[in-house]
file run_35.pdb (PDB, C-alpha atoms, pLDDT in the B column)
MODEL        1
ATOM      1  CA  MET K  11      45.538  24.828  73.721  1.00 93.00           C
ATOM      2  CA  ALA K  12      49.284  24.628  73.146  1.00 97.00           C
ATOM      3  CA  GLU K  13      51.786  21.779  73.267  1.00 97.00           C
ATOM      4  CA  TYR K  14      55.141  22.502  74.861  1.00 97.00           C
ATOM      5  CA  THR K  15      58.140  20.184  74.902  1.00 97.00           C
ATOM      6  CA  PHE K  16      60.868  20.481  77.524  1.00 97.00           C
ATOM      7  CA  ASN K  17      64.138  18.579  77.706  1.00 98.00           C
ATOM      8  CA  VAL K  18      64.556  17.587  81.320  1.00 98.00           C
ATOM      9  CA  GLU K  19      67.354  15.557  82.933  1.00 97.00           C
ATOM     10  CA  MET K  20      65.685  12.588  84.621  1.00 97.00           C
ATOM     11  CA  SER K  21      67.701   9.570  85.772  1.00 97.00           C
ATOM     12  CA  CYS K  22      65.079   7.144  87.069  1.00 97.00           C
ATOM     13  CA  SER K  23      61.339   6.613  87.308  1.00 96.00           C
ATOM     14  CA  GLY K  24      61.434   8.364  90.684  1.00 96.00           C
ATOM     15  CA  CYS K  25      62.645  11.461  88.838  1.00 97.00           C
ATOM     16  CA  SER K  26      60.004  11.296  86.103  1.00 98.00           C
ATOM     17  CA  ASN K  27      57.229  10.533  88.599  1.00 97.00           C
ATOM     18  CA  ALA K  28      58.217  13.588  90.601  1.00 98.00           C
ATOM     19  CA  VAL K  29      57.982  15.832  87.538  1.00 98.00           C
ATOM     20  CA  ASN K  30      54.655  14.273  86.651  1.00 98.00           C
ATOM     21  CA  ARG K  31      53.313  14.806  90.165  1.00 98.00           C
ATOM     22  CA  ALA K  32      54.442  18.432  90.323  1.00 98.00           C
ATOM     23  CA  LEU K  33      52.823  19.211  86.956  1.00 98.00           C
ATOM     24  CA  SER K  34      49.626  17.331  87.822  1.00 97.00           C
ATOM     25  CA  ARG K  35      48.999  19.780  90.653  1.00 96.00           C
ATOM     26  CA  LEU K  36      48.818  22.723  88.261  1.00 95.00           C
ATOM     27  CA  GLU K  37      45.334  23.757  87.218  1.00 95.00           C
ATOM     28  CA  GLY K  38      44.838  23.976  83.480  1.00 95.00           C
ATOM     29  CA  ILE K  39      46.988  21.050  82.393  1.00 97.00           C
ATOM     30  CA  GLU K  40      45.277  18.907  79.764  1.00 97.00           C
ATOM     31  CA  SER K  41      47.901  16.189  79.392  1.00 98.00           C
ATOM     32  CA  ILE K  42      51.433  15.301  80.460  1.00 98.00           C
ATOM     33  CA  ASP K  43      53.567  12.865  78.529  1.00 98.00           C
ATOM     34  CA  ILE K  44      56.949  12.078  80.018  1.00 98.00           C
ATOM     35  CA  SER K  45      59.614   9.938  78.376  1.00 98.00           C
ATOM     36  CA  LEU K  46      62.507   8.906  80.573  1.00 97.00           C
ATOM     37  CA  GLU K  47      64.205   7.419  77.534  1.00 97.00           C
ATOM     38  CA  LYS K  48      63.961  10.580  75.447  1.00 97.00           C
ATOM     39  CA  GLN K  49      64.338  12.869  78.481  1.00 97.00           C
ATOM     40  CA  THR K  50      61.310  14.833  77.392  1.00 98.00           C
ATOM     41  CA  VAL K  51      58.263  16.311  79.063  1.00 98.00           C
ATOM     42  CA  VAL K  52      55.411  17.150  76.691  1.00 98.00           C
ATOM     43  CA  VAL K  53      52.558  19.203  78.098  1.00 98.00           C
ATOM     44  CA  ASN K  54      49.241  20.181  76.543  1.00 98.00           C
ATOM     45  CA  THR K  55      47.779  23.155  78.320  1.00 98.00           C
ATOM     46  CA  ASN K  56      46.157  26.545  78.184  1.00 96.00           C
ATOM     47  CA  LEU K  57      48.762  27.905  80.571  1.00 97.00           C
ATOM     48  CA  PRO K  58      51.645  30.064  79.350  1.00 97.00           C
ATOM     49  CA  ARG K  59      54.882  28.184  78.635  1.00 97.00           C
ATOM     50  CA  GLU K  60      56.698  30.186  81.297  1.00 96.00           C
ATOM     51  CA  LYS K  61      54.357  28.959  84.030  1.00 97.00           C
ATOM     52  CA  VAL K  62      54.907  25.323  83.080  1.00 97.00           C
ATOM     53  CA  LEU K  63      58.673  25.831  82.865  1.00 97.00           C
ATOM     54  CA  GLU K  64      58.731  27.462  86.300  1.00 97.00           C
ATOM     55  CA  THR K  65      56.889  24.487  87.800  1.00 97.00           C
ATOM     56  CA  ILE K  66      59.338  22.039  86.243  1.00 98.00           C
ATOM     57  CA  LYS K  67      62.269  24.081  87.564  1.00 97.00           C
ATOM     58  CA  LYS K  68      60.831  23.959  91.069  1.00 97.00           C
ATOM     59  CA  THR K  69      61.277  20.191  90.998  1.00 98.00           C
ATOM     60  CA  GLY K  70      65.023  20.900  91.049  1.00 98.00           C
ATOM     61  CA  LYS K  71      65.483  19.079  87.749  1.00 97.00           C
ATOM     62  CA  THR K  72      67.722  20.598  85.118  1.00 96.00           C
ATOM     63  CA  VAL K  73      65.910  21.819  82.009  1.00 97.00           C
ATOM     64  CA  LYS K  74      68.424  21.524  79.194  1.00 91.00           C
ATOM     65  CA  GLU K  75      67.207  24.031  76.674  1.00 71.00           C
ATOM     66  CA  GLU K  76      64.505  26.605  77.011  1.00 56.00           C
TER
ATOM     67  CA  MET B   7      68.277  28.497 113.937  1.00 93.00           C
ATOM     68  CA  ALA B   8      66.270  25.268 113.815  1.00 97.00           C
ATOM     69  CA  GLU B   9      67.028  21.820 112.440  1.00 97.00           C
ATOM     70  CA  TYR B  10      64.221  20.036 110.628  1.00 97.00           C
ATOM     71  CA  THR B  11      64.248  16.447 109.398  1.00 97.00           C
ATOM     72  CA  PHE B  12      61.987  15.261 106.592  1.00 97.00           C
ATOM     73  CA  ASN B  13      61.508  11.715 105.326  1.00 98.00           C
ATOM     74  CA  VAL B  14      61.490  11.966 101.566  1.00 98.00           C
ATOM     75  CA  GLU B  15      61.181   9.180  98.993  1.00 97.00           C
ATOM     76  CA  MET B  16      64.250   9.423  96.762  1.00 97.00           C
ATOM     77  CA  SER B  17      65.249   6.593  94.431  1.00 96.00           C
ATOM     78  CA  CYS B  18      68.515   7.756  92.897  1.00 97.00           C
ATOM     79  CA  SER B  19      71.132  10.496  93.104  1.00 96.00           C
ATOM     80  CA  GLY B  20      69.144  12.388  90.447  1.00 96.00           C
ATOM     81  CA  CYS B  21      66.288  12.532  92.947  1.00 97.00           C
ATOM     82  CA  SER B  22      68.409  13.677  95.876  1.00 98.00           C
ATOM     83  CA  ASN B  23      70.279  16.210  93.744  1.00 97.00           C
ATOM     84  CA  ALA B  24      66.958  17.678  92.638  1.00 98.00           C
ATOM     85  CA  VAL B  25      65.804  18.128  96.230  1.00 98.00           C
ATOM     86  CA  ASN B  26      69.159  19.650  97.117  1.00 98.00           C
ATOM     87  CA  ARG B  27      68.972  22.054  94.194  1.00 98.00           C
ATOM     88  CA  ALA B  28      65.427  23.148  94.975  1.00 98.00           C
ATOM     89  CA  LEU B  29      66.291  23.829  98.624  1.00 98.00           C
ATOM     90  CA  SER B  30      69.543  25.602  97.749  1.00 97.00           C
ATOM     91  CA  ARG B  31      67.560  28.256  95.928  1.00 95.00           C
ATOM     92  CA  LEU B  32      65.700  29.264  99.091  1.00 95.00           C
ATOM     93  CA  GLU B  33      67.112  32.227 100.966  1.00 95.00           C
ATOM     94  CA  GLY B  34      67.815  31.584 104.618  1.00 95.00           C
ATOM     95  CA  ILE B  35      69.023  28.010 104.397  1.00 97.00           C
ATOM     96  CA  GLU B  36      72.147  27.405 106.489  1.00 97.00           C
ATOM     97  CA  SER B  37      72.792  23.774 105.587  1.00 98.00           C
ATOM     98  CA  ILE B  38      71.218  20.837 103.758  1.00 98.00           C
ATOM     99  CA  ASP B  39      72.178  17.265 104.492  1.00 98.00           C
ATOM    100  CA  ILE B  40      70.555  14.638 102.309  1.00 98.00           C
ATOM    101  CA  SER B  41      70.923  10.895 102.771  1.00 98.00           C
ATOM    102  CA  LEU B  42      69.682   8.719  99.956  1.00 97.00           C
ATOM    103  CA  GLU B  43      70.312   5.648 102.090  1.00 96.00           C
ATOM    104  CA  LYS B  44      68.276   6.890 105.044  1.00 97.00           C
ATOM    105  CA  GLN B  45      65.779   8.760 102.831  1.00 97.00           C
ATOM    106  CA  THR B  46      66.206  11.867 104.928  1.00 98.00           C
ATOM    107  CA  VAL B  47      66.584  15.569 104.289  1.00 98.00           C
ATOM    108  CA  VAL B  48      67.990  17.534 107.232  1.00 98.00           C
ATOM    109  CA  VAL B  49      67.844  21.304 106.976  1.00 98.00           C
ATOM    110  CA  ASN B  50      69.282  23.962 109.285  1.00 98.00           C
ATOM    111  CA  THR B  51      67.540  27.257 108.747  1.00 98.00           C
ATOM    112  CA  ASN B  52      65.847  30.301 110.184  1.00 96.00           C
ATOM    113  CA  LEU B  53      62.853  29.704 107.924  1.00 97.00           C
ATOM    114  CA  PRO B  54      59.637  28.200 109.292  1.00 97.00           C
ATOM    115  CA  ARG B  55      59.304  24.431 108.870  1.00 97.00           C
ATOM    116  CA  GLU B  56      56.220  24.895 106.696  1.00 96.00           C
ATOM    117  CA  LYS B  57      58.158  26.917 104.127  1.00 97.00           C
ATOM    118  CA  VAL B  58      60.841  24.249 103.819  1.00 97.00           C
ATOM    119  CA  LEU B  59      58.230  21.491 103.574  1.00 97.00           C
ATOM    120  CA  GLU B  60      56.377  23.367 100.833  1.00 97.00           C
ATOM    121  CA  THR B  61      59.574  23.691  98.806  1.00 97.00           C
ATOM    122  CA  ILE B  62      60.301  19.973  99.131  1.00 98.00           C
ATOM    123  CA  LYS B  63      56.737  19.160  98.054  1.00 97.00           C
ATOM    124  CA  LYS B  64      57.152  21.306  94.939  1.00 97.00           C
ATOM    125  CA  THR B  65      59.871  18.920  93.799  1.00 98.00           C
ATOM    126  CA  GLY B  66      57.082  16.357  93.385  1.00 98.00           C
ATOM    127  CA  LYS B  67      58.761  13.994  95.836  1.00 97.00           C
ATOM    128  CA  THR B  68      56.631  12.236  98.430  1.00 96.00           C
ATOM    129  CA  VAL B  69      57.237  13.378 101.987  1.00 97.00           C
ATOM    130  CA  LYS B  70      56.393  10.378 104.134  1.00 91.00           C
ATOM    131  CA  GLU B  71      55.515  11.905 107.467  1.00 71.00           C
ATOM    132  CA  GLU B  72      55.060  15.522 108.338  1.00 56.00           C
TER
ENDMDL
END

call {"tool": "encode", "arguments": {"input": "run_35.pdb", "output": "structure tokens"}}
result
Amino acid sequence: MAEYTFNVEMSCSGCSNAVNRALSRLEGIESIDISLEKQTVVVNTNLPREKVLETIKKTGKTVKEE
Amino acid sequence: MAEYTFNVEMSCSGCSNAVNRALSRLEGIESIDISLEKQTVVVNTNLPREKVLETIKKTGKTVKEE
């Protein structure tokens, strides 16, 4: 199990809920912790980081550093 | 060329920009017209409706009627 942190531009709870929903659909996600205030998405998973990043990018949100 | 209209829950310009960005990455999209006020996404494309819908769903946004 690994913990990955992504910095994602999210402006409102609609934004963070969308990221949460998109990640929730992935199999193999243990936990998702999203902070709108910190603009972070923290994921515990067995999946490779790249797969999680790709899913976040498909939400159309900007990932600030990779 | 077909025009498809989707009713998508978007709360702020961050939401609508994300949908716009996700759709822009698809090949074969002629135009995208998003109204935050009307909660609509209108797409002109040669792609099948299902493909466009799938891409919108991957943003994590709720599509209200299909």

call {"tool": "closest_residue", "arguments": {"input": "run_35.pdb", "among": "B:Pro54, B:Ile35, B:Lys44, B:Val25", "to": "Asn13 of chain B", "atoms": "all atoms listed in the file"}}
result
B:Lys44

call {"tool": "atom_distance", "arguments": {"input": "run_35.pdb", "atom1": "atom CA of Ser26 of chain K", "atom2": "atom CA of Leu32 of chain B"}}
result
22.9 Å

call {"tool": "resolve_selection", "arguments": {"input": "run_35.pdb", "expression": "the PyMOL selection byres ((chain B) within 8 of (chain K))", "output": "mmCIF file with C-alpha atoms, keeping the file's coordinate frame"}}
result
data_model
loop_
_atom_site.group_PDB
_atom_site.id
_atom_site.type_symbol
_atom_site.label_atom_id
_atom_site.label_comp_id
_atom_site.auth_asym_id
_atom_site.auth_seq_id
_atom_site.Cartn_x
_atom_site.Cartn_y
_atom_site.Cartn_z
ATOM 1 C CA MET B 16 64.250 9.423 96.762
ATOM 2 C CA SER B 17 65.249 6.593 94.431
ATOM 3 C CA CYS B 18 68.515 7.756 92.897
ATOM 4 C CA GLY B 20 69.144 12.388 90.447
ATOM 5 C CA CYS B 21 66.288 12.532 92.947
ATOM 6 C CA ASN B 23 70.279 16.210 93.744
ATOM 7 C CA ALA B 24 66.958 17.678 92.638
ATOM 8 C CA VAL B 25 65.804 18.128 96.230
ATOM 9 C CA ASN B 26 69.159 19.650 97.117
ATOM 10 C CA ARG B 27 68.972 22.054 94.194
ATOM 11 C CA ALA B 28 65.427 23.148 94.975
ATOM 12 C CA THR B 61 59.574 23.691 98.806
ATOM 13 C CA LYS B 64 57.152 21.306 94.939
ATOM 14 C CA THR B 65 59.871 18.920 93.799
ATOM 15 C CA GLY B 66 57.082 16.357 93.385
ATOM 16 C CA LYS B 67 58.761 13.994 95.836
#

call {"tool": "resolve_selection", "arguments": {"input": "run_35.pdb", "expression": "the PyMOL selection byres ((chain K and resi 43) around 9)", "output": "MDAnalysis selection string"}}
result
chainID K and resid 30 41:42 44:45 50:54

call {"tool": "resolve_selection", "arguments": {"input": "run_35.pdb", "expression": "the PyMOL selection byres ((chain K and resi 13) around 9)", "output": "CSV table (one decimal) with C-alpha atoms, keeping the file's coordinate frame"}}
result
chain,number,residue,atom,x,y,z
K,11,MET,CA,45.5,24.8,73.7
K,12,ALA,CA,49.3,24.6,73.1
K,14,TYR,CA,55.1,22.5,74.9
K,15,THR,CA,58.1,20.2,74.9
K,52,VAL,CA,55.4,17.2,76.7
K,53,VAL,CA,52.6,19.2,78.1
K,54,ASN,CA,49.2,20.2,76.5
K,55,THR,CA,47.8,23.2,78.3
K,56,ASN,CA,46.2,26.5,78.2
K,59,ARG,CA,54.9,28.2,78.6

call {"tool": "atom_distance", "arguments": {"input": "run_35.pdb", "atom1": "atom CA of Val14 of chain B", "atom2": "atom CA of Leu59 of chain B"}}
result
10.3 Å

call {"tool": "axis_aligned_box", "arguments": {"input": "run_35.pdb", "around": "segment 45-64 of chain K", "padding_each_side": "5 Å", "output": "JSON"}}
result
{"center_x": 55.2, "center_y": 18.8, "center_z": 80.9, "size_x": 28.2, "size_y": 32.8, "size_z": 20.9}

call {"tool": "atom_distance", "arguments": {"input": "run_35.pdb", "atom1": "atom CA of Phe16 of chain K", "atom2": "atom CA of Gln49 of chain K"}}
result
8.4 Å

call {"tool": "build_atoms", "arguments": {"input": "run_35.pdb", "residues": "segment 10-29 of chain B", "atoms": "N, CA, C and O atoms", "output": "compact mmCIF listing (two decimals), in the frame of the given file"}}
result
# COMPACT_ATOMS: atom_id res chain seq x y z
N TYR B 10 65.41 20.81 110.96
CA TYR B 10 64.22 20.04 110.63
C TYR B 10 64.63 18.80 109.84
O TYR B 10 65.48 18.88 108.96
N THR B 11 64.00 17.68 110.14
CA THR B 11 64.25 16.45 109.40
C THR B 11 62.98 16.02 108.68
O THR B 11 61.90 15.99 109.28
N PHE B 12 63.12 15.72 107.41
CA PHE B 12 61.99 15.26 106.59
C PHE B 12 62.32 13.90 106.01
O PHE B 12 63.47 13.64 105.64
N ASN B 13 61.34 13.03 105.95
CA ASN B 13 61.51 11.72 105.33
C ASN B 13 60.97 11.80 103.91
O ASN B 13 59.76 11.96 103.71
N VAL B 14 61.86 11.73 102.96
CA VAL B 14 61.49 11.97 101.57
C VAL B 14 61.86 10.75 100.71
O VAL B 14 62.97 10.23 100.81
N GLU B 15 60.92 10.31 99.90
CA GLU B 15 61.18 9.18 98.99
C GLU B 15 62.09 9.63 97.86
O GLU B 15 61.69 10.45 97.03
N MET B 16 63.29 9.09 97.82
CA MET B 16 64.25 9.42 96.76
C MET B 16 64.87 8.13 96.27
O MET B 16 65.36 7.33 97.07
N SER B 17 64.80 7.89 94.95
CA SER B 17 65.25 6.59 94.43
C SER B 17 66.68 6.58 93.91
O SER B 17 67.28 5.52 93.81
N CYS B 18 67.17 7.74 93.49
CA CYS B 18 68.52 7.76 92.90
C CYS B 18 69.17 9.10 93.20
O CYS B 18 68.53 9.99 93.77
N SER B 19 70.44 9.24 92.82
CA SER B 19 71.13 10.50 93.10
C SER B 19 70.53 11.66 92.31
O SER B 19 70.63 12.81 92.71
N GLY B 20 69.86 11.34 91.20
CA GLY B 20 69.14 12.39 90.45
C GLY B 20 68.02 12.98 91.29
O GLY B 20 67.77 14.18 91.28
N CYS B 21 67.36 12.12 92.04
CA CYS B 21 66.29 12.53 92.95
C CYS B 21 66.83 13.41 94.07
O CYS B 21 66.32 14.50 94.36
N SER B 22 67.88 12.93 94.73
CA SER B 22 68.41 13.68 95.88
C SER B 22 69.06 14.99 95.43
O SER B 22 68.93 16.02 96.10
N ASN B 23 69.71 14.97 94.27
CA ASN B 23 70.28 16.21 93.74
C ASN B 23 69.19 17.24 93.44
O ASN B 23 69.39 18.43 93.65
N ALA B 24 68.06 16.77 92.96
CA ALA B 24 66.96 17.68 92.64
C ALA B 24 66.43 18.35 93.90
O ALA B 24 66.18 19.55 93.92
N VAL B 25 66.28 17.57 94.96
CA VAL B 25 65.80 18.13 96.23
C VAL B 25 66.83 19.14 96.75
O VAL B 25 66.48 20.24 97.19
N ASN B 26 68.08 18.76 96.67
CA ASN B 26 69.16 19.65 97.12
C ASN B 26 69.15 20.97 96.35
O ASN B 26 69.24 22.05 96.94
N ARG B 27 68.97 20.86 95.04
CA ARG B 27 68.97 22.05 94.19
C ARG B 27 67.79 22.96 94.51
O ARG B 27 67.93 24.18 94.59
N ALA B 28 66.63 22.36 94.68
CA ALA B 28 65.43 23.15 94.98
C ALA B 28 65.58 23.89 96.32
O ALA B 28 65.23 25.07 96.42
N LEU B 29 66.12 23.20 97.30
CA LEU B 29 66.29 23.83 98.62
C LEU B 29 67.39 24.89 98.60
O LEU B 29 67.28 25.91 99.30
